[in-house]
file structure.tsv (TSV, C-alpha atoms)
chain	number	residue	atom	x	y	z
A	1	MET	CA	197.38	133.63	158.12
A	2	SER	CA	194.79	136.32	158.86
A	3	ILE	CA	191.65	135.55	160.85
A	4	ASP	CA	188.19	137.06	161.36
A	5	VAL	CA	188.38	139.08	164.57
A	6	HIS	CA	185.39	140.13	166.68
A	7	TYR	CA	184.33	143.73	166.04
A	8	ALA	CA	181.63	146.33	166.73
A	9	VAL	CA	180.48	149.23	164.53
A	10	ASP	CA	178.97	152.55	165.59
A	11	GLY	CA	178.05	155.62	163.58
A	12	PRO	CA	176.23	156.43	160.33
A	13	GLU	CA	176.53	154.33	157.20
A	14	GLY	CA	178.40	156.11	154.47
A	15	ALA	CA	180.49	158.18	156.89
A	16	PRO	CA	184.30	157.98	156.74
A	17	VAL	CA	185.53	154.86	158.56
A	18	VAL	CA	187.73	155.12	161.66
A	19	VAL	CA	189.18	151.87	163.03
A	20	LEU	CA	190.32	151.75	166.68
A	21	ALA	CA	192.98	149.16	167.55
A	22	GLY	CA	193.57	148.46	171.23
A	23	SER	CA	196.31	147.72	173.71
A	24	LEU	CA	197.74	144.36	174.75
A	25	GLY	CA	195.38	142.90	177.34
A	26	SER	CA	192.35	144.96	176.30
A	27	THR	CA	189.05	144.36	174.53
A	28	LEU	CA	187.23	146.72	172.20
A	29	GLU	CA	185.55	148.17	175.31
A	30	MET	CA	188.75	150.09	176.10
A	31	TRP	CA	187.62	152.63	173.48
A	32	GLY	CA	184.39	153.46	175.34
A	33	PRO	CA	185.37	157.12	175.98
A	34	GLN	CA	186.01	157.66	172.26
A	35	VAL	CA	182.91	156.11	170.69
A	36	ALA	CA	180.41	158.86	171.51
A	37	ALA	CA	182.88	161.57	170.50
A	38	LEU	CA	183.59	160.03	167.09
A	39	ALA	CA	180.42	158.16	166.08
A	40	GLY	CA	178.49	161.31	165.18
A	41	ASP	CA	180.81	161.99	162.25
A	42	PHE	CA	182.47	158.66	161.53
A	43	ARG	CA	181.71	154.99	161.05
A	44	VAL	CA	183.66	153.77	164.10
A	45	VAL	CA	184.94	150.19	164.00
A	46	ARG	CA	186.43	148.67	167.18
A	47	TYR	CA	187.78	145.17	167.41
A	48	ASP	CA	189.34	142.60	169.72
A	49	THR	CA	192.90	141.73	168.71
A	50	ARG	CA	193.42	138.04	167.97
A	51	GLY	CA	193.80	136.13	171.21
A	52	HIS	CA	191.80	138.79	173.09
A	53	GLY	CA	188.18	139.26	174.11
A	54	SER	CA	185.75	137.48	171.81
A	55	SER	CA	188.20	137.00	168.95
A	56	PRO	CA	189.61	133.55	168.14
A	57	VAL	CA	192.80	132.39	169.87
A	58	PRO	CA	194.76	130.67	167.13
A	59	GLU	CA	197.85	128.71	168.03
A	60	GLY	CA	200.98	130.87	168.20
A	61	PRO	CA	203.46	132.20	167.58
A	62	TYR	CA	202.04	135.53	166.37
A	63	ASP	CA	203.99	138.21	164.56
A	64	LEU	CA	203.01	141.81	163.89
A	65	ALA	CA	202.36	140.90	160.25
A	66	ASP	CA	199.66	138.49	161.48
A	67	LEU	CA	197.96	141.26	163.46
A	68	GLY	CA	198.26	143.62	160.51
A	69	GLY	CA	196.75	141.01	158.23
A	70	ASP	CA	193.80	140.67	160.61
A	71	LEU	CA	193.23	144.43	160.43
A	72	LEU	CA	193.35	144.46	156.63
A	73	ARG	CA	190.90	141.55	156.55
A	74	LEU	CA	188.62	143.51	158.90
A	75	LEU	CA	188.67	146.48	156.51
A	76	ASP	CA	187.52	144.16	153.74
A	77	ARG	CA	184.77	142.72	155.95
A	78	VAL	CA	183.30	146.14	156.77
A	79	GLY	CA	183.62	147.31	153.15
A	80	ALA	CA	186.24	149.97	153.82
A	81	GLY	CA	188.65	150.26	150.94
A	82	ARG	CA	190.37	153.00	152.89
A	83	ALA	CA	190.04	154.03	156.54
A	84	HIS	CA	191.54	156.24	159.20
A	85	LEU	CA	193.40	154.20	161.83
A	86	ALA	CA	193.91	154.97	165.51
A	87	GLY	CA	195.92	152.54	167.61
A	88	LEU	CA	197.12	152.55	171.20
A	89	SER	CA	200.17	150.55	172.29
A	90	LEU	CA	199.98	147.18	170.46
A	91	GLY	CA	197.18	148.66	168.35
A	92	GLY	CA	199.49	151.52	167.35
A	93	MET	CA	202.17	149.03	166.31
A	94	THR	CA	199.60	147.18	164.20
A	95	ALA	CA	198.42	150.44	162.62
A	96	MET	CA	202.00	151.44	161.77
A	97	TRP	CA	202.59	148.07	160.10
A	98	VAL	CA	199.46	148.50	157.96
A	99	ALA	CA	200.34	152.10	157.07
A	100	ALA	CA	203.82	151.00	155.95
A	101	HIS	CA	202.82	147.81	154.10
A	102	ALA	CA	199.39	148.74	152.70
A	103	PRO	CA	199.49	152.56	152.44
A	104	GLU	CA	196.61	152.65	149.96
A	105	ARG	CA	194.27	151.41	152.73
A	106	VAL	CA	195.07	154.21	155.20
A	107	GLY	CA	193.67	157.73	155.12
A	108	ARG	CA	195.00	159.29	158.32
A	109	LEU	CA	196.93	157.70	161.15
A	110	ALA	CA	196.81	158.36	164.91
A	111	LEU	CA	199.36	156.61	167.14
A	112	LEU	CA	198.78	156.74	170.89
A	113	CYS	CA	201.22	155.67	173.61
A	114	THR	CA	203.09	153.25	171.39
A	115	SER	CA	206.56	152.42	170.10
A	116	ALA	CA	208.34	151.35	166.94
A	117	HIS	CA	210.72	149.16	168.96
A	118	LEU	CA	209.92	148.21	172.56
A	119	GLY	CA	212.71	146.27	174.23
A	120	PRO	CA	214.28	144.56	175.90
A	121	PRO	CA	213.07	141.38	174.18
A	122	GLU	CA	213.76	139.20	177.22
A	123	GLY	CA	211.24	141.26	179.19
A	124	TRP	CA	208.47	140.22	176.82
A	125	ALA	CA	209.63	136.62	176.84
A	126	ASP	CA	209.54	136.61	180.64
A	127	ARG	CA	206.05	138.12	180.71
A	128	ALA	CA	204.80	135.49	178.26
A	129	LYS	CA	206.22	132.75	180.53
A	130	THR	CA	204.53	134.30	183.57
A	131	VAL	CA	201.16	134.41	181.84
A	132	ARG	CA	201.41	130.87	180.50
A	133	ALA	CA	202.26	129.64	183.99
A	134	GLY	CA	199.82	131.68	186.07
A	135	GLY	CA	197.26	133.18	183.71
A	136	THR	CA	196.72	136.85	182.88
A	137	GLY	CA	195.50	137.51	186.39
A	138	ALA	CA	199.16	137.23	187.44
A	139	VAL	CA	200.05	140.41	185.53
A	140	ALA	CA	196.76	142.37	185.70
A	141	GLU	CA	197.72	144.52	188.70
A	142	GLY	CA	201.09	145.45	187.22
A	143	VAL	CA	199.60	146.23	183.81
A	144	VAL	CA	196.94	148.59	185.17
A	145	SER	CA	199.53	150.31	187.38
A	146	ARG	CA	201.24	151.33	184.11
A	147	TRP	CA	197.97	152.20	182.37
A	148	LEU	CA	196.83	154.80	184.93
A	149	THR	CA	198.65	157.38	187.01
A	150	PRO	CA	198.38	156.73	190.79
A	151	GLY	CA	196.27	159.83	191.26
A	152	TYR	CA	193.72	158.80	188.64
A	153	ALA	CA	193.53	155.26	190.00
A	154	GLU	CA	192.86	156.63	193.49
A	155	ARG	CA	190.13	158.97	192.23
A	156	ARG	CA	188.52	156.35	189.99
A	157	PRO	CA	188.96	153.00	191.78
A	158	SER	CA	186.01	151.46	189.91
A	159	VAL	CA	187.70	152.18	186.58
A	160	ALA	CA	190.97	150.68	187.79
A	161	GLU	CA	189.19	147.56	188.98
A	162	TRP	CA	187.25	147.22	185.71
A	163	LEU	CA	190.50	147.45	183.75
A	164	ARG	CA	192.13	144.82	185.97
A	165	ARG	CA	189.23	142.47	185.24
A	166	MET	CA	189.63	143.19	181.52
A	167	VAL	CA	193.29	142.19	181.58
A	168	ALA	CA	192.64	139.15	183.79
A	169	GLY	CA	189.92	138.00	181.39
A	170	THR	CA	192.28	137.87	178.41
A	171	PRO	CA	193.10	134.31	177.27
A	172	ALA	CA	196.58	133.44	178.53
A	173	GLU	CA	197.81	132.00	175.23
A	174	GLY	CA	196.52	134.96	173.23
A	175	TYR	CA	198.19	137.43	175.59
A	176	ALA	CA	201.46	135.47	175.61
A	177	ALA	CA	201.54	135.08	171.84
A	178	CYS	CA	201.05	138.83	171.42
A	179	CYS	CA	203.93	139.38	173.86
A	180	GLY	CA	205.98	137.38	171.39
A	181	ALA	CA	204.90	139.66	168.54
A	182	ILE	CA	206.10	142.70	170.50
A	183	GLU	CA	209.32	140.88	171.45
A	184	ARG	CA	210.21	140.44	167.76
A	185	MET	CA	208.75	143.75	166.54
A	186	ASP	CA	211.02	146.40	165.01
A	187	LEU	CA	209.29	149.04	162.91
A	188	ARG	CA	212.07	151.63	162.96
A	189	GLY	CA	213.02	150.90	159.36
A	190	ASP	CA	209.40	151.17	158.24
A	191	LEU	CA	208.64	154.64	159.59
A	192	ALA	CA	209.94	156.49	156.52
A	193	ARG	CA	207.58	154.41	154.34
A	194	ILE	CA	204.50	155.81	156.11
A	195	GLY	CA	202.96	158.57	154.02
A	196	ALA	CA	199.62	158.98	155.80
A	197	PRO	CA	199.19	162.24	157.73
A	198	THR	CA	200.10	161.14	161.25
A	199	LEU	CA	199.26	162.29	164.76
A	200	VAL	CA	201.45	160.94	167.58
A	201	VAL	CA	200.20	161.19	171.18
A	202	ALA	CA	202.20	160.37	174.32
A	203	GLY	CA	201.46	160.37	178.03
A	204	ALA	CA	203.97	162.41	180.00
A	205	ASP	CA	203.78	159.87	182.86
A	206	ASP	CA	203.72	156.70	180.76
A	207	PRO	CA	206.18	154.14	182.18
A	208	ALA	CA	205.47	151.60	179.40
A	209	THR	CA	206.14	153.81	176.37
A	210	PRO	CA	207.64	157.07	177.64
A	211	PRO	CA	207.47	160.17	175.40
A	212	VAL	CA	210.91	159.39	173.95
A	213	HIS	CA	209.25	156.56	171.98
A	214	ALA	CA	206.68	158.96	170.54
A	215	GLU	CA	209.42	161.44	169.69
A	216	ALA	CA	211.24	158.76	167.71
A	217	ILE	CA	208.07	157.88	165.79
A	218	ALA	CA	207.30	161.52	165.02
A	219	ALA	CA	210.86	162.09	163.84
A	220	GLY	CA	210.72	159.05	161.58
A	221	ILE	CA	207.37	159.77	159.85
A	222	GLY	CA	207.50	162.77	157.55
A	223	GLY	CA	205.24	165.61	158.70
A	224	ALA	CA	204.00	163.81	161.82
A	225	ARG	CA	202.67	165.97	164.67
A	226	LEU	CA	203.45	165.15	168.31
A	227	HIS	CA	201.34	165.93	171.40
A	228	VAL	CA	202.37	165.02	174.95
A	229	LEU	CA	199.48	164.94	177.43
A	230	GLU	CA	199.89	165.52	181.16
A	231	PRO	CA	198.94	163.95	183.48
A	232	ALA	CA	198.58	160.69	181.59
A	233	ALA	CA	200.11	157.23	181.80
A	234	HIS	CA	199.83	154.47	179.19
A	235	LEU	CA	196.03	154.52	178.78
A	236	ALA	CA	195.84	158.22	177.92
A	237	SER	CA	192.59	157.57	176.06
A	238	TRP	CA	190.92	157.20	179.49
A	239	GLU	CA	192.79	159.62	181.73
A	240	GLN	CA	192.81	162.39	179.10
A	241	ALA	CA	189.74	161.29	177.16
A	242	GLY	CA	188.57	164.83	176.40
A	243	ALA	CA	191.92	165.92	175.01
A	244	VAL	CA	192.38	162.68	173.06
A	245	ASN	CA	188.89	162.95	171.58
A	246	GLU	CA	189.51	166.53	170.50
A	247	LEU	CA	192.83	165.59	168.90
A	248	LEU	CA	191.31	162.63	167.05
A	249	ARG	CA	188.30	164.59	165.80
A	250	ALA	CA	190.48	167.41	164.51
A	251	HIS	CA	193.04	165.06	162.95
A	252	PHE	CA	190.42	162.94	161.19
A	253	GLY	CA	188.60	166.03	159.93
A	254	ALA	CA	185.37	165.76	161.92
A	255	VAL	CA	184.91	169.52	162.23
A	256	ARG	CA	185.50	170.16	158.54
A	257	HIS	CA	183.41	167.16	157.49
A	258	THR	CA	180.45	168.19	159.68
A	259	ALA	CA	180.54	171.83	158.59
A	260	GLY	CA	181.10	170.88	154.97
A	261	THR	CA	178.24	168.40	154.89
A	262	ALA	CA	175.89	171.03	156.33
A	263	VAL	CA	176.86	173.59	153.66
A	264	ARG	CA	176.74	170.97	150.93
A	265	ARG	CA	173.19	170.08	151.93
A	266	ALA	CA	172.15	173.74	152.13
A	267	VAL	CA	173.52	174.53	148.66
A	268	LEU	CA	172.92	171.31	146.70
A	269	GLY	CA	169.92	169.96	148.61
A	270	ASP	CA	169.38	166.90	150.79
A	271	ARG	CA	168.25	164.77	147.87
A	272	HIS	CA	171.49	165.23	145.96
A	273	VAL	CA	173.74	164.68	148.99
A	274	ASP	CA	171.79	161.60	150.09
A	275	ARG	CA	171.98	160.18	146.58
A	276	ALA	CA	175.75	160.79	146.44
A	277	GLY	CA	176.21	159.14	149.82
A	278	ALA	CA	174.11	156.13	148.89
A	279	ALA	CA	176.04	155.66	145.65
A	280	ALA	CA	179.45	155.84	147.37
A	281	THR	CA	181.59	152.70	147.23
A	282	PRO	CA	184.88	151.87	148.96
A	283	PHE	CA	186.54	153.13	145.78
A	284	THR	CA	184.68	156.50	145.64
A	285	GLU	CA	184.16	157.20	149.37
A	286	PRO	CA	187.54	158.97	149.81
A	287	PHE	CA	186.56	161.35	147.00
A	288	GLN	CA	183.19	162.09	148.61
A	289	ASP	CA	184.98	162.74	151.90
A	290	LEU	CA	187.45	165.04	150.12
A	291	ILE	CA	184.59	167.09	148.66
A	292	SER	CA	182.77	167.43	151.98
A	293	ARG	CA	185.86	168.32	154.00
A	294	TYR	CA	187.72	170.60	151.62
A	295	ALA	CA	185.43	171.96	148.90
A	296	TRP	CA	182.46	172.50	151.23
A	297	GLY	CA	184.09	172.44	154.69
A	298	GLU	CA	186.98	174.80	153.93
A	299	ILE	CA	186.30	176.81	150.78
A	300	TRP	CA	182.52	177.33	150.82
A	301	THR	CA	182.62	178.15	154.56
A	302	ARG	CA	185.24	180.91	154.24
A	303	PRO	CA	183.90	184.38	155.15
A	304	GLY	CA	185.49	186.30	152.27
A	305	LEU	CA	182.65	185.78	149.77
A	306	ASP	CA	178.94	185.23	150.24
A	307	ARG	CA	177.22	182.21	148.69
A	308	ARG	CA	175.57	184.25	145.93
A	309	THR	CA	178.97	185.40	144.70
A	310	ARG	CA	180.39	181.90	144.96
A	311	SER	CA	177.51	180.56	142.88
A	312	CYS	CA	178.19	183.15	140.17
A	313	MET	CA	181.82	182.08	140.08
A	314	VAL	CA	180.96	178.39	139.93
A	315	LEU	CA	178.47	178.89	137.10
A	316	THR	CA	181.12	180.78	135.11
A	317	ALA	CA	183.68	178.04	135.73
A	318	MET	CA	181.23	175.35	134.62
A	319	VAL	CA	180.65	177.22	131.33
A	320	ALA	CA	184.34	177.98	130.77
A	321	LEU	CA	185.38	174.36	131.28
A	322	GLY	CA	182.36	172.77	129.62
A	323	HIS	CA	181.25	170.81	132.68
A	324	TRP	CA	177.73	170.39	131.30
A	325	ASP	CA	176.82	167.38	133.44
A	326	GLU	CA	177.29	169.47	136.58
A	327	LEU	CA	175.95	172.79	135.32
A	328	GLY	CA	172.32	171.89	135.99
A	329	MET	CA	173.13	170.96	139.58
A	330	HIS	CA	174.79	174.33	140.11
A	331	VAL	CA	171.91	176.23	138.49
A	332	ARG	CA	169.67	174.68	141.16
A	333	ALA	CA	172.28	175.56	143.77
A	334	ALA	CA	172.38	179.16	142.56
A	335	ARG	CA	168.62	179.43	143.02
A	336	ARG	CA	168.96	178.09	146.58
A	337	ASN	CA	171.66	180.68	147.20
A	338	GLY	CA	169.26	183.45	146.24
A	339	LEU	CA	170.05	184.18	142.59
A	340	SER	CA	167.05	184.94	140.40
A	341	ALA	CA	166.61	183.50	136.94
A	342	GLU	CA	167.44	186.94	135.56
A	343	GLU	CA	170.69	187.09	137.52
A	344	ILE	CA	171.69	183.62	136.29
A	345	GLY	CA	171.05	184.87	132.75
A	346	GLU	CA	173.36	187.83	133.41
A	347	VAL	CA	176.11	185.42	134.50
A	348	PHE	CA	175.77	183.55	131.21
A	349	LEU	CA	175.78	186.80	129.18
A	350	GLN	CA	179.04	187.72	130.89
A	351	ALA	CA	180.32	184.23	130.14
A	352	ALA	CA	179.41	184.65	126.47
A	353	ILE	CA	181.95	187.48	126.20
A	354	TYR	CA	184.79	185.85	128.14
A	355	CYS	CA	184.14	182.11	127.62
A	356	GLY	CA	182.63	182.05	124.15
A	357	VAL	CA	179.18	182.34	122.58
A	358	PRO	CA	178.72	178.60	121.81
A	359	ALA	CA	179.46	177.69	125.43
A	360	ALA	CA	177.06	180.32	126.74
A	361	ASN	CA	174.41	179.18	124.26
A	362	LYS	CA	174.60	175.65	125.63
A	363	ALA	CA	174.53	176.98	129.18
A	364	PHE	CA	171.34	178.97	128.49
A	365	GLY	CA	169.70	175.83	127.10
A	366	ILE	CA	170.56	173.74	130.15
A	367	ALA	CA	169.58	176.49	132.57
A	368	GLN	CA	166.25	177.10	130.85
A	369	ARG	CA	165.32	173.45	131.29
A	370	ILE	CA	166.41	173.37	134.93
A	371	LEU	CA	164.64	176.62	135.81
A	372	ALA	CA	161.43	175.37	134.20
A	373	GLU	CA	161.64	172.17	136.24
A	374	THR	CA	162.26	174.20	139.38
A	375	GLU	CA	159.29	176.49	138.76
A	376	GLU	CA	157.07	173.49	138.11
A	377	ALA	CA	158.19	171.80	141.33
A	378	GLU	CA	157.65	174.98	143.34
A	379	GLY	CA	154.32	175.84	141.71

call {"tool": "encode", "arguments": {"input": "structure.tsv", "output": "structure tokens"}}
result
Amino acid sequence: MSIDVHYAVDGPEGAPVVVLAGSLGSTLEMWGPQVAALAGDFRVVRYDTRGHGSSPVPEGPYDLADLGGDLLRLLDRVGAGRAHLAGLSLGGMTAMWVAAHAPERVGRLALLCTSAHLGPPEGWADRAKTVRAGGTGAVAEGVVSRWLTPGYAERRPSVAEWLRRMVAGTPAEGYAACCGAIERMDLRGDLARIGAPTLVVAGADDPATPPVHAEAIAAGIGGARLHVLEPAAHLASWEQAGAVNELLRAHFGAVRHTAGTAVRRAVLGDRHVDRAGAAATPFTEPFQDLISRYAWGEIWTRPGLDRRTRSCMVLTAMVALGHWDELGMHVRAARRNGLSAEEIGEVFLQAAIYCGVPAANKAFGIAQRILAETEEAEG
């Protein structure tokens, strides 16, 4: 049964949602290096896995399906019909389960330092016994020694100590029950079911999930891209934060979304873009994101044609296809792009020959009304 986990949200409302799922023994604070890099372009949701941090500690056993159900419930709670997922270690396993079993909820997938099958199972059973007997403090030193390379730990002793306290502060039963979920986890047969565009990241020095695990995931998910970072152990999101942030931003489309939104505002106006963003719902948000990233972020930003020419082409297409509800918006856009009323009229005269007189006649009527409104607003 799924539960309500503790979570935090950063970033602008209406932006594409990115959910960050953490490692065994961590809290949502493990994603500190990623928040500032992502929250300018995305609605970033971090959460404590069940049995960790401030989340409830239900009685075990836990299975990966339980953790996946918690993540799906979290998406519902934050109003995200669809979201990008990034998971590290146990969080990556959870994200893979969701991508395989609820593909309609996942936009893009990023899997960091994780595995589809992490044996031997008796190792996880033994660790669970150790924690139940002596608390998570009994394993904290060993865990952090796998999270960070020795060199990084020596250079940043305060970070290593903070991470040890994070692990030691994890409820013993929650940690042990999650060990059980990993013990029984086998996602190898699910990889081919994952259709989300996938980025796989490994740490070259990771003793917990060596790069061979990432290679297996990348080979099993169609079209997945693999990056191996060096030096980096299991918590590559800290040791190689800059590289990880760059990979995540590029994979989730931050550059295209930012550039596209800027062009969309310049051409269509702030009022229109703000209204479209405010009207977006979990059902329509992926479409709004598609428009910003691809129509405006890739096509309208290409150097081959200037915006005046693009406006002429769009106006012609609107007439040819009879998209009358959008024609007025693009007449306003053409004026912002520097076309005069006379030049817009020339476009419609050209359209009369190649698209038909009745269509051009309707276009002139719509444009005349829009241009009059524009002149009145400017005058």

call {"tool": "closest_atom_pairs", "arguments": {"input": "structure.tsv", "of": "range 278-363 of chain A", "to": "range 258-268 of chain A", "cutoff": "7 Å", "atoms": "only C-alpha atoms", "output": "JSON lines"}}
result
{"residue": "A:Ser292", "atom": "CA", "partner": "A:Gly260", "partner_atom": "CA", "distance": 4.9}
{"residue": "A:Arg293", "atom": "CA", "partner": "A:Gly260", "partner_atom": "CA", "distance": 5.5}
{"residue": "A:Trp296", "atom": "CA", "partner": "A:Gly260", "partner_atom": "CA", "distance": 4.3}
{"residue": "A:Gly297", "atom": "CA", "partner": "A:Gly260", "partner_atom": "CA", "distance": 3.4}
{"residue": "A:Ala333", "atom": "CA", "partner": "A:Val267", "partner_atom": "CA", "distance": 5.1}
{"residue": "A:Arg336", "atom": "CA", "partner": "A:Val267", "partner_atom": "CA", "distance": 6.1}
{"residue": "A:Asn337", "atom": "CA", "partner": "A:Val267", "partner_atom": "CA", "distance": 6.6}

call {"tool": "closest_atom_pairs", "arguments": {"input": "structure.tsv", "of": "range 189-278 of chain A", "to": "range 96-114 of chain A", "cutoff": "8 Å", "atoms": "all atoms listed in the file", "output": "CSV"}}
result
residue,atom,partner,partner_atom,distance
A:Asp190,CA,A:Ala100,CA,6.0
A:Leu191,CA,A:Ala100,CA,7.1
A:Arg193,CA,A:Ala100,CA,5.3
A:Ile194,CA,A:Ala100,CA,4.9
A:Gly195,CA,A:Pro103,CA,7.1
A:Ala196,CA,A:Arg108,CA,5.3
A:Pro197,CA,A:Arg108,CA,5.2
A:Thr198,CA,A:Leu109,CA,4.7
A:Leu199,CA,A:Ala110,CA,4.6
A:Val200,CA,A:Leu111,CA,4.8
A:Val201,CA,A:Leu112,CA,4.7
A:Ala202,CA,A:Cys113,CA,4.9
A:Gly203,CA,A:Cys113,CA,6.5
A:Asp206,CA,A:Cys113,CA,7.6
A:Thr209,CA,A:Thr114,CA,5.9
A:Pro210,CA,A:Cys113,CA,7.7
A:Pro211,CA,A:Cys113,CA,7.9
A:His213,CA,A:Thr114,CA,7.0
A:Ala214,CA,A:Thr114,CA,6.8
A:His234,CA,A:Cys113,CA,5.9
A:Leu235,CA,A:Cys113,CA,7.4
A:Ala236,CA,A:Cys113,CA,7.4
A:Leu248,CA,A:Ala110,CA,7.3
A:His251,CA,A:Arg108,CA,7.7
A:Phe252,CA,A:Arg108,CA,6.5

call {"tool": "closest_residue", "arguments": {"input": "structure.tsv", "among": "A:Val18, A:Ala160, A:Leu371, A:Val319", "to": "Val357 in chain A", "atoms": "all atoms listed in the file"}}
result
A:Val319

call {"tool": "residues_around", "arguments": {"input": "structure.tsv", "residues": "range 338-346 of chain A", "least_positions_apart": "6", "cutoff": "9 Å", "atoms": "all atoms listed in the file", "output": "count of residues only"}}
result
10

call {"tool": "closest_residue", "arguments": {"input": "structure.tsv", "among": "A:Ala280, A:Val244, A:Gly134, A:Arg127", "to": "Ala80 in chain A", "atoms": "all atoms listed in the file"}}
result
A:Ala280

call {"tool": "atom_distance", "arguments": {"input": "structure.tsv", "atom1": "CA of Leu305 in chain A", "atom2": "CA of Ala317 in chain A"}}
result
16.1 Å

call {"tool": "atom_distance", "arguments": {"input": "structure.tsv", "atom1": "CA of Leu118 in chain A", "atom2": "CA of Asp186 in chain A"}}
result
7.8 Å

call {"tool": "residues_around", "arguments": {"input": "structure.tsv", "residues": "range 60-68 of chain A", "least_positions_apart": "5", "cutoff": "6 Å", "atoms": "all atoms listed in the file", "output": "JSON, numbers by chain"}}
result
{"A": [2, 94, 98, 177, 181]}
